[in-house]
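Structure below is data_13.txt: compact mmCIF, C-alpha atoms.
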```txt
# COMPACT_ATOMS: atom_id res chain seq x y z
CA MET A 1 -11.61 -20.86 -90.32
CA GLY A 2 -14.86 -22.42 -91.48
CA ARG A 3 -18.24 -21.87 -89.86
CA ARG A 4 -18.02 -25.20 -88.02
CA GLY A 5 -14.56 -24.37 -86.75
CA LEU A 6 -15.69 -20.95 -85.50
CA LYS A 7 -18.58 -22.49 -83.56
CA LYS A 8 -16.23 -24.98 -81.86
CA TYR A 9 -13.81 -22.15 -81.00
CA ILE A 10 -16.57 -20.05 -79.36
CA GLU A 11 -17.82 -23.03 -77.34
CA LYS A 12 -14.29 -23.65 -76.03
CA ARG A 13 -13.47 -19.99 -75.26
CA ALA A 14 -16.53 -18.91 -73.31
CA PRO A 15 -17.63 -21.24 -70.54
CA SER A 16 -21.12 -20.21 -69.46
CA ALA A 17 -20.55 -20.54 -65.65
CA PHE A 18 -17.68 -21.24 -63.21
CA LYS A 19 -17.55 -22.38 -59.59
CA ILE A 20 -15.49 -20.77 -56.83
CA GLN A 21 -13.65 -23.22 -54.60
CA ILE A 22 -15.00 -22.21 -51.17
CA THR A 23 -14.11 -25.32 -49.15
CA SER A 24 -10.88 -23.84 -47.81
CA MET A 25 -12.70 -20.58 -46.93
CA VAL A 26 -15.33 -22.54 -44.96
CA ASP A 27 -12.50 -24.31 -43.10
CA MET A 28 -11.02 -20.96 -42.16
CA PHE A 29 -14.37 -19.58 -41.00
CA ILE A 30 -15.01 -22.65 -38.84
CA ILE A 31 -11.67 -22.12 -37.08
CA ILE A 32 -12.59 -18.45 -36.45
CA LEU A 33 -16.05 -19.50 -35.25
CA VAL A 34 -14.64 -21.98 -32.72
CA PHE A 35 -12.19 -19.35 -31.41
CA LEU A 36 -14.94 -16.75 -31.05
CA LEU A 37 -17.27 -19.20 -29.31
CA LYS A 38 -14.46 -19.95 -26.83
CA SER A 39 -13.99 -16.22 -26.12
CA PHE A 40 -17.74 -15.54 -25.94
CA SER A 41 -18.69 -13.71 -22.77
CA THR A 42 -21.96 -12.68 -21.19
CA SER A 43 -20.24 -10.98 -18.25
CA PRO A 44 -21.95 -7.81 -16.96
CA VAL A 45 -18.54 -6.16 -16.59
CA ASN A 46 -17.01 -4.86 -19.76
CA ILE A 47 -13.52 -3.47 -19.49
CA VAL A 48 -12.40 -1.07 -22.15
CA PRO A 49 -8.58 -1.09 -22.28
CA ASN A 50 -7.42 2.29 -21.06
CA GLU A 51 -4.05 3.67 -19.97
CA HIS A 52 -5.68 5.16 -16.85
CA LEU A 53 -7.39 1.94 -15.75
CA ARG A 54 -5.37 -1.28 -15.60
CA LEU A 55 -6.86 -3.89 -13.29
CA PRO A 56 -4.63 -6.13 -11.15
CA GLN A 57 -4.29 -9.82 -11.91
CA SER A 58 -5.69 -12.36 -9.48
CA THR A 59 -6.35 -16.07 -9.07
CA ALA A 60 -9.98 -15.30 -8.16
CA SER A 61 -12.51 -17.46 -9.97
CA VAL A 62 -15.85 -15.84 -9.05
CA ASP A 63 -17.70 -14.28 -11.97
CA PRO A 64 -18.67 -10.62 -11.48
CA VAL A 65 -22.25 -9.72 -10.58
CA ASP A 66 -24.38 -7.01 -12.11
CA VAL A 67 -24.38 -4.36 -9.35
CA LEU A 68 -23.54 -0.65 -9.08
CA LYS A 69 -20.09 0.05 -10.49
CA ILE A 70 -17.52 2.53 -9.19
CA ILE A 71 -14.53 3.08 -11.46
CA VAL A 72 -11.38 4.54 -9.89
CA SER A 73 -8.91 5.34 -12.65
CA LYS A 74 -5.64 7.28 -12.38
CA SER A 75 -7.39 10.51 -13.38
CA SER A 76 -10.98 10.31 -12.10
CA VAL A 77 -13.73 8.48 -10.23
CA PHE A 78 -16.88 7.38 -12.03
CA VAL A 79 -20.18 6.03 -10.70
CA GLU A 80 -21.51 3.94 -13.59
CA ASP A 81 -20.94 6.34 -16.52
CA SER A 82 -20.97 9.67 -14.70
CA LYS A 83 -17.76 11.31 -13.56
CA VAL A 84 -17.91 12.47 -9.93
CA ALA A 85 -14.37 13.38 -8.88
CA ASP A 86 -10.95 14.17 -10.31
CA ILE A 87 -7.64 12.65 -9.22
CA ALA A 88 -4.27 14.30 -9.73
CA ASN A 89 -0.96 12.78 -8.53
CA ASN A 90 -2.82 10.02 -6.68
CA GLU A 91 -4.75 12.56 -4.59
CA PHE A 92 -8.23 14.06 -4.64
CA ASP A 93 -8.66 17.76 -5.09
CA LYS A 94 -9.15 19.37 -1.64
CA SER A 95 -12.38 21.03 -2.79
CA GLN A 96 -13.92 17.56 -3.25
CA LEU A 97 -13.14 16.46 0.31
CA ASP A 98 -15.24 17.37 3.30
CA VAL A 99 -13.82 20.14 5.49
CA ALA A 100 -14.42 18.26 8.75
CA ASP A 101 -13.65 14.77 7.48
CA LYS A 102 -10.76 14.49 5.00
CA GLU A 103 -11.65 10.87 4.20
CA PHE A 104 -15.11 11.82 2.94
CA ILE A 105 -15.51 12.56 -0.81
CA ARG A 106 -18.65 14.68 -0.98
CA PRO A 107 -19.50 14.47 -4.74
CA LEU A 108 -19.06 10.69 -4.65
CA TYR A 109 -21.32 10.41 -1.62
CA GLU A 110 -24.03 12.56 -3.25
CA GLU A 111 -24.06 10.40 -6.40
CA LEU A 112 -24.04 7.12 -4.42
CA ASP A 113 -26.76 8.38 -2.07
CA LYS A 114 -28.88 9.24 -5.10
CA LYS A 115 -28.41 5.73 -6.49
CA ALA A 116 -29.14 4.14 -3.10
CA GLN A 117 -32.33 6.19 -2.65
CA LYS A 118 -33.48 5.23 -6.13
CA ALA A 119 -32.85 1.51 -5.42
CA LYS A 120 -34.68 1.78 -2.08
CA ASP A 121 -37.66 3.52 -3.73
CA ILE A 122 -37.87 0.76 -6.35
CA SER A 123 -37.69 -1.93 -3.65
CA LYS A 124 -40.72 -0.34 -1.90
CA VAL A 125 -42.96 -0.95 -4.91
CA ASN A 126 -41.28 -4.08 -6.26
CA ASP A 127 -40.82 -6.98 -3.85
CA THR A 128 -38.40 -8.77 -6.15
CA VAL A 129 -35.90 -5.89 -5.98
CA GLU A 130 -33.97 -5.41 -2.75
CA PHE A 131 -31.27 -2.89 -1.88
CA GLU A 132 -28.31 -5.04 -0.83
CA GLY A 133 -25.59 -2.38 -0.70
CA LYS A 134 -23.39 -4.20 -3.18
CA VAL A 135 -20.86 -2.31 -5.23
CA LEU A 136 -18.28 -3.49 -7.76
CA MET A 137 -15.11 -1.39 -7.80
CA GLN A 138 -12.83 -1.27 -10.80
CA VAL A 139 -9.63 0.21 -9.40
CA ASP A 140 -6.35 0.93 -11.21
CA ARG A 141 -3.65 -1.42 -9.93
CA GLU A 142 -1.22 1.40 -9.05
CA MET A 143 -3.75 3.23 -6.90
CA PRO A 144 -2.44 3.70 -3.31
CA TYR A 145 -4.49 2.44 -0.39
CA SER A 146 -4.83 5.98 1.01
CA LEU A 147 -7.01 6.90 -1.97
CA LEU A 148 -8.87 3.58 -2.13
CA ARG A 149 -9.68 3.89 1.58
CA LYS A 150 -11.41 7.24 0.97
CA VAL A 151 -13.57 5.72 -1.79
CA MET A 152 -14.48 2.70 0.35
CA TYR A 153 -15.22 4.86 3.39
CA THR A 154 -17.50 7.16 1.39
CA SER A 155 -19.34 4.26 -0.25
CA MET A 156 -19.76 2.65 3.17
CA LEU A 157 -21.39 5.84 4.51
CA ALA A 158 -23.73 5.88 1.49
CA GLY A 159 -24.91 2.36 2.40
CA TYR A 160 -22.71 0.32 0.07
CA TYR A 161 -20.96 -2.04 2.51
CA ASP A 162 -20.57 -5.09 0.33
CA VAL A 163 -17.53 -4.09 -1.72
CA LYS A 164 -16.30 -6.31 -4.52
CA PHE A 165 -13.16 -5.69 -6.56
CA ALA A 166 -12.95 -6.43 -10.26
CA VAL A 167 -9.72 -8.19 -11.22
CA VAL A 168 -8.31 -9.76 -14.35
CA SER A 169 -8.18 -13.53 -14.27
CA LYS A 170 -4.69 -15.03 -14.51
CA ASP A 171 -6.11 -17.69 -16.82
CA MET B 172 -19.66 -52.22 -68.60
CA ARG B 173 -20.39 -48.80 -70.02
CA ILE B 174 -23.52 -48.43 -67.80
CA HIS B 175 -21.49 -49.32 -64.71
CA ARG B 176 -18.97 -46.53 -65.44
CA THR B 177 -21.74 -43.94 -65.76
CA ARG B 178 -23.25 -44.92 -62.39
CA SER B 179 -19.86 -44.68 -60.76
CA ASN B 180 -19.44 -41.14 -62.05
CA ASP B 181 -22.91 -40.10 -60.77
CA SER B 182 -22.08 -41.14 -57.16
CA THR B 183 -19.55 -38.27 -56.77
CA PHE B 184 -21.22 -34.96 -56.09
CA GLU B 185 -20.12 -31.55 -54.82
CA LEU B 186 -21.59 -30.28 -51.53
CA ASN B 187 -23.19 -26.86 -51.83
CA LEU B 188 -21.40 -24.90 -49.10
CA ALA B 189 -22.79 -21.47 -50.03
CA PRO B 190 -25.76 -21.46 -47.53
CA PHE B 191 -23.50 -22.81 -44.78
CA LEU B 192 -21.06 -20.00 -45.48
CA ASP B 193 -23.94 -17.49 -45.32
CA ILE B 194 -24.84 -18.69 -41.80
CA ILE B 195 -21.23 -18.51 -40.58
CA ILE B 196 -20.80 -15.00 -41.98
CA SER B 197 -23.98 -13.90 -40.12
CA VAL B 198 -22.87 -15.47 -36.82
CA ILE B 199 -19.27 -14.16 -36.80
CA PRO B 200 -20.16 -10.42 -36.45
CA LEU B 201 -22.55 -11.25 -33.58
CA LEU B 202 -19.84 -13.21 -31.78
CA LEU B 203 -17.26 -10.50 -32.45
CA LEU B 204 -19.51 -8.01 -30.62
CA SER B 205 -19.73 -10.17 -27.49
CA VAL B 206 -16.20 -11.49 -27.43
CA ALA B 207 -14.09 -10.81 -24.33
CA PHE B 208 -10.35 -11.14 -24.59
CA ILE B 209 -9.95 -10.14 -20.92
CA HIS B 210 -11.72 -12.39 -18.42
CA VAL B 211 -12.84 -10.29 -15.47
CA LYS B 212 -13.43 -11.93 -12.07
CA MET B 213 -14.19 -10.45 -8.67
CA ILE B 214 -13.01 -10.62 -5.05
CA ALA B 215 -15.36 -9.76 -2.19
CA ALA B 216 -14.01 -7.44 0.52
CA PRO B 217 -16.95 -6.27 2.65
CA THR B 218 -16.46 -3.18 4.80
CA PRO B 219 -17.61 -2.91 8.45
CA GLN B 220 -21.31 -2.06 8.81
CA VAL B 221 -22.76 0.63 10.99
CA VAL B 222 -24.42 -1.04 13.99
CA SER B 223 -27.12 0.25 16.28
CA GLU B 224 -26.34 1.57 19.78
CA ASP B 225 -28.22 -1.37 21.36
CA ASN B 226 -25.84 -3.79 19.69
CA LEU B 227 -22.86 -1.79 20.88
CA LYS B 228 -24.08 -2.00 24.49
CA LYS B 229 -24.07 -5.82 24.35
CA PRO B 230 -20.83 -7.38 25.67
CA PRO B 231 -18.67 -8.55 22.75
CA VAL B 232 -18.44 -12.30 22.24
CA PRO B 233 -14.80 -13.34 22.65
CA GLU B 234 -13.48 -14.73 19.39
CA ALA B 235 -10.08 -15.22 17.79
CA SER B 236 -9.05 -12.74 15.12
CA ILE B 237 -6.17 -12.16 12.74
CA VAL B 238 -4.97 -8.74 11.61
CA LEU B 239 -2.41 -8.56 8.81
CA ARG B 240 -0.48 -5.28 8.65
CA ILE B 241 1.20 -4.43 5.34
CA SER B 242 4.06 -1.96 5.24
CA LYS B 243 6.51 -1.20 2.43
CA VAL B 244 9.14 -0.44 5.10
CA ASN B 245 8.63 -3.22 7.66
CA GLY B 246 7.01 -5.93 5.53
CA PHE B 247 4.11 -8.01 6.83
CA GLU B 248 3.00 -8.49 10.42
CA PHE B 249 0.44 -11.08 11.48
CA ALA B 250 -1.24 -10.20 14.78
CA VAL B 251 -3.28 -13.18 16.04
CA THR B 252 -5.50 -12.74 19.08
CA ASP B 253 -6.87 -16.00 20.47
CA VAL B 254 -10.15 -16.52 22.35
CA LYS B 255 -8.50 -15.77 25.70
CA GLY B 256 -7.23 -12.44 24.35
CA LYS B 257 -3.61 -13.53 24.09
CA LEU B 258 -1.76 -11.71 21.29
CA MET B 259 0.82 -13.41 19.10
CA THR B 260 2.68 -11.52 16.37
CA THR B 261 4.72 -12.83 13.45
CA ASN B 262 6.83 -10.54 11.29
CA ILE B 263 7.82 -11.18 7.69
CA ALA B 264 10.66 -8.90 6.64
CA LEU B 265 11.10 -7.47 3.15
CA SER B 266 13.06 -9.54 0.66
CA ASN B 267 15.48 -7.44 -1.45
CA GLY B 268 13.46 -4.36 -0.55
CA ILE B 269 10.11 -5.74 -1.71
CA LEU B 270 7.25 -7.51 0.04
CA ASN B 271 7.93 -11.24 0.45
CA PHE B 272 4.73 -12.90 -0.80
CA ASP B 273 6.15 -16.46 -0.72
CA ALA B 274 7.01 -16.14 2.98
CA LEU B 275 3.53 -14.66 3.55
CA LEU B 276 1.91 -17.80 2.11
CA THR B 277 4.15 -20.08 4.22
CA THR B 278 3.29 -18.14 7.39
CA ALA B 279 -0.43 -18.09 6.54
CA ILE B 280 -0.38 -21.90 6.17
CA LYS B 281 1.33 -22.27 9.58
CA ILE B 282 -1.19 -19.95 11.26
CA LYS B 283 -4.08 -21.85 9.66
CA GLU B 284 -2.67 -25.11 11.05
CA THR B 285 -2.55 -23.54 14.53
CA TYR B 286 -5.99 -21.90 14.30
CA PRO B 287 -8.05 -24.06 11.89
CA ASN B 288 -11.37 -22.48 13.01
CA ILE B 289 -10.46 -18.96 11.95
CA SER B 290 -11.57 -18.18 8.41
CA SER B 291 -11.20 -14.41 8.24
CA VAL B 292 -8.31 -11.96 8.08
CA GLN B 293 -8.47 -8.21 8.55
CA LEU B 294 -6.07 -6.34 6.29
CA SER B 295 -4.45 -3.18 7.54
CA PRO B 296 -2.30 -1.78 4.72
CA ASN B 297 -0.25 1.38 5.05
CA ALA B 298 -1.30 4.38 2.96
CA ASP B 299 1.39 3.88 0.29
CA VAL B 300 0.62 0.21 -0.42
CA SER B 301 -0.72 -0.15 -3.95
CA PHE B 302 -3.97 -1.87 -4.89
CA ASP B 303 -2.01 -4.47 -6.89
CA GLU B 304 -0.05 -5.45 -3.76
CA ILE B 305 -3.27 -5.66 -1.73
CA ILE B 306 -4.78 -8.04 -4.30
CA LYS B 307 -1.59 -10.16 -4.25
CA VAL B 308 -1.86 -10.36 -0.44
CA MET B 309 -5.54 -11.33 -0.69
CA ASP B 310 -4.66 -14.09 -3.18
CA ARG B 311 -1.95 -15.48 -0.88
CA VAL B 312 -4.06 -15.53 2.31
CA ARG B 313 -7.27 -16.80 0.72
CA HIS B 314 -6.02 -20.17 -0.50
CA LYS B 315 -2.83 -22.23 -0.80
CA ASP B 316 -3.07 -22.39 -4.58
CA LYS B 317 -5.79 -22.24 -7.21
CA VAL B 318 -7.25 -25.71 -6.69
CA SER B 319 -6.30 -26.60 -3.13
CA GLU B 320 -7.92 -25.93 0.23
CA LEU B 321 -8.89 -22.51 1.51
CA LEU B 322 -6.86 -20.71 4.16
CA PHE B 323 -8.66 -17.48 5.14
CA PRO B 324 -11.36 -16.92 2.49
CA ASP B 325 -13.02 -13.95 4.26
CA VAL B 326 -10.75 -10.95 3.80
CA THR B 327 -11.92 -7.59 5.13
CA PHE B 328 -10.30 -4.21 5.71
CA ALA B 329 -9.57 -3.23 9.29
CA THR B 330 -8.85 0.44 8.65
CA ILE B 331 -11.72 2.11 6.81
CA GLY B 332 -12.38 5.71 7.66
CA GLY B 333 -11.21 8.03 10.38
```

Would you mind writing the structure in this file as structure tokens?
Amino acid sequence: MGRRGLKKYIEKRAPSAFKIQITSMVDMFIIILVFLLKSFSTSPVNIVPNEHLRLPQSTASVDPVDVLKIIVSKSSVFVEDSKVADIANNEFDKSQLDVADKEFIRPLYEELDKKAQKAKDISKVNDTVEFEGKVLMQVDREMPYSLLRKVMYTSMLAGYYDVKFAVVSKD
Amino acid sequence: MRIHRTRSNDSTFELNLAPFLDIIISVIPLLLLSVAFIHVKMIAAPTPQVVSEDNLKKPPVPEASIVLRISKVNGFEFAVTDVKGKLMTTNIALSNGILNFDALLTTAIKIKETYPNISSVQLSPNADVSFDEIIKVMDRVRHKDKVSELLFPDVTFATIGG
């Protein structure tokens, strides 16, 4: 191979730059983007799938509001993120119930009363904040009414009358 | 002729998609963080409020009311009390051992036709009725179907506490 031939061979063999075909990848990303935009949510209620907390389905169409949350799962009761009572076999432990009133869950009341007092104290110094007694309950769908009634009764005594239930939309 | 061919070749160009791709790749993680595959809604069920003694001393204003009892043994029972205090009850038996929600809706529509001014129902479930069944009952008595007219939109609980 002569010198001229070698030069031609090198020019053919080694292209200096190449382009990736990204059009199809952009198409794919646009489809993902549209799907994610459709599922985008700014809801104040975030449900983490959990075997102890499965919400019932409903035809309700009202979006949840950002208020105090009580979570009643199969194993425990939470006020916001703090655990206040344990549940075993769909019943509260007797030590958590009041001696005189078996419908009254003392640790739940203490936590709710604390939250209510805090909200009332804030409303005294800030006119835009008002204690409305609203509470959003996330209750497991298999929970019996006997247990739910105790939670509602205790929250009512702590000043939280306006109970709202979180449900999963059938849509 | 040769010049014309060259111009024709120049008119085709390749769009630079790299910056566009950069933007999409930045946006997708943000959207993934705020995506919700479960759409959560809410149903209001206010509980009775504590009233002052002065209010209790006032004579109650006669008004019609509907109480819906839910039992896993006896089914549903509508107890309607009209303004004159006359009580009318309607029972809905179980269907194949389970609560008959279709018959509940039919009965609720009939009661609404008889008492169009009543907008609230007080639920009185038995202790063993599950929360899922209570929500199904609330759905049936609140409206005929998702888009049609309301039946009894204000659902409260009659038996809270003691």

Hey, could you make a per-residue contact list for chain A against chain B with 8 Å as the cut-off, showing the nearest pair of atoms and its distance in Å to one decimal, counting all atoms listed in the file, sorted by chain and number, as CSV?
```
residue,atom,partner,partner_atom,distance
A:Ile22,CA,B:Leu188,CA,7.2
A:Thr23,CA,B:Leu188,CA,7.3
A:Val26,CA,B:Leu192,CA,6.3
A:Phe29,CA,B:Ile195,CA,7.0
A:Ile30,CA,B:Ile195,CA,7.7
A:Ile32,CA,B:Ile199,CA,7.9
A:Leu33,CA,B:Ile199,CA,6.4
A:Leu36,CA,B:Leu202,CA,6.1
A:Leu37,CA,B:Leu202,CA,7.0
A:Ser39,CA,B:Val206,CA,5.4
A:Phe40,CA,B:Val206,CA,4.6
A:Ser41,CA,B:Ala207,CA,5.7
A:Thr42,CA,B:Ser205,CA,7.1
A:Ser43,CA,B:Val211,CA,7.9
A:Val45,CA,B:Val211,CA,7.1
A:Ile47,CA,B:Ile209,CA,7.7
A:Pro56,CA,B:Asp303,CA,5.3
A:Gln57,CA,B:Asp303,CA,7.7
A:Ser58,CA,B:Asp310,CA,6.6
A:Thr59,CA,B:Asp310,CA,6.4
A:Ala60,CA,B:Lys212,CA,6.2
A:Ser61,CA,B:Lys212,CA,6.0
A:Val62,CA,B:Lys212,CA,5.5
A:Asp63,CA,B:Lys212,CA,4.9
A:Pro64,CA,B:Met213,CA,5.3
A:Asp101,CA,B:Gly333,CA,7.7
A:Glu103,CA,B:Gly332,CA,6.3
A:Val139,CA,B:Phe302,CA,7.5
A:Asp140,CA,B:Phe302,CA,7.3
A:Arg141,CA,B:Asp303,CA,4.6
A:Glu142,CA,B:Ser301,CA,5.4
A:Met143,CA,B:Ser301,CA,5.4
A:Pro144,CA,B:Ser301,CA,4.3
A:Tyr145,CA,B:Ala298,CA,5.0
A:Ser146,CA,B:Ala298,CA,4.3
A:Leu147,CA,B:Ala298,CA,8.0
A:Leu148,CA,B:Phe302,CA,7.8
A:Arg149,CA,B:Ile331,CA,5.9
A:Lys150,CA,B:Gly332,CA,6.9
A:Met152,CA,B:Ile331,CA,7.0
A:Tyr153,CA,B:Gly332,CA,5.2
A:Met156,CA,B:Thr218,CA,6.9
A:Tyr161,CA,B:Thr218,CA,5.2
A:Asp162,CA,B:Pro217,CA,4.5
A:Val163,CA,B:Pro217,CA,4.9
A:Lys164,CA,B:Ala215,CA,4.3
A:Phe165,CA,B:Ile214,CA,5.2
A:Ala166,CA,B:Met213,CA,4.5
A:Val167,CA,B:Lys212,CA,5.3
A:Val168,CA,B:Val211,CA,4.7
A:Ser169,CA,B:His210,CA,5.6
A:Asp171,CA,B:His210,CA,7.9
```

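Across the model, the gap from CA of Val238 (chain B) to CA of Leu258 (chain B) is 10.6 Å.
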
For this session: Tell me, as an MDAnalysis selection string, which residues lie within 9 Å of Ser155 (chain A), counting all atoms listed in the file; anything in the same chain fewer than 6 positions away does not count.
Result: chainID A and resid 108:109 112:113 135 161 163

C-alpha atoms of the current selection, written as a PDB file, in the frame of the given file:
```
ATOM      1  CA  LEU A 108     -19.060  10.690  -4.650  1.00  0.00           C
ATOM      2  CA  TYR A 109     -21.320  10.410  -1.620  1.00  0.00           C
ATOM      3  CA  LEU A 112     -24.040   7.120  -4.420  1.00  0.00           C
ATOM      4  CA  ASP A 113     -26.760   8.380  -2.070  1.00  0.00           C
ATOM      5  CA  VAL A 135     -20.860  -2.310  -5.230  1.00  0.00           C
ATOM      6  CA  TYR A 161     -20.960  -2.040   2.510  1.00  0.00           C
ATOM      7  CA  VAL A 163     -17.530  -4.090  -1.720  1.00  0.00           C
TER       8      VAL A 163
END
```

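With CA of Leu136 (chain A) on one side and CA of Ser82 (chain A) on the other, the separation reads 15.1 Å.
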
Exercise. Any idea what's packed within 6 Å of Ala250 (chain B), counting only C-alpha atoms, ignoring anything in its chain fewer than 6 positions away? Could you give it as a PyMOL selection string?
Worked result: chain B and resi 237-238+259-260

Any chance you can output those residues with C-alpha atoms as an mmCIF file, in the frame of the given file?
```
data_model
loop_
_atom_site.group_PDB
_atom_site.id
_atom_site.type_symbol
_atom_site.label_atom_id
_atom_site.label_comp_id
_atom_site.auth_asym_id
_atom_site.auth_seq_id
_atom_site.Cartn_x
_atom_site.Cartn_y
_atom_site.Cartn_z
ATOM 1 C CA ILE B 237 -6.170 -12.160 12.740
ATOM 2 C CA VAL B 238 -4.970 -8.740 11.610
ATOM 3 C CA MET B 259 0.820 -13.410 19.100
ATOM 4 C CA THR B 260 2.680 -11.520 16.370
#
```

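CA of Gln117 (chain A) sits 26.7 Å away from CA of Lys94 (chain A).
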
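When only C-alpha atoms are used to measure the gap to Leu270 (chain B), the shortest distance among B:Asp253, B:Glu248, B:Glu320, B:Glu234 belongs to B:Glu248.
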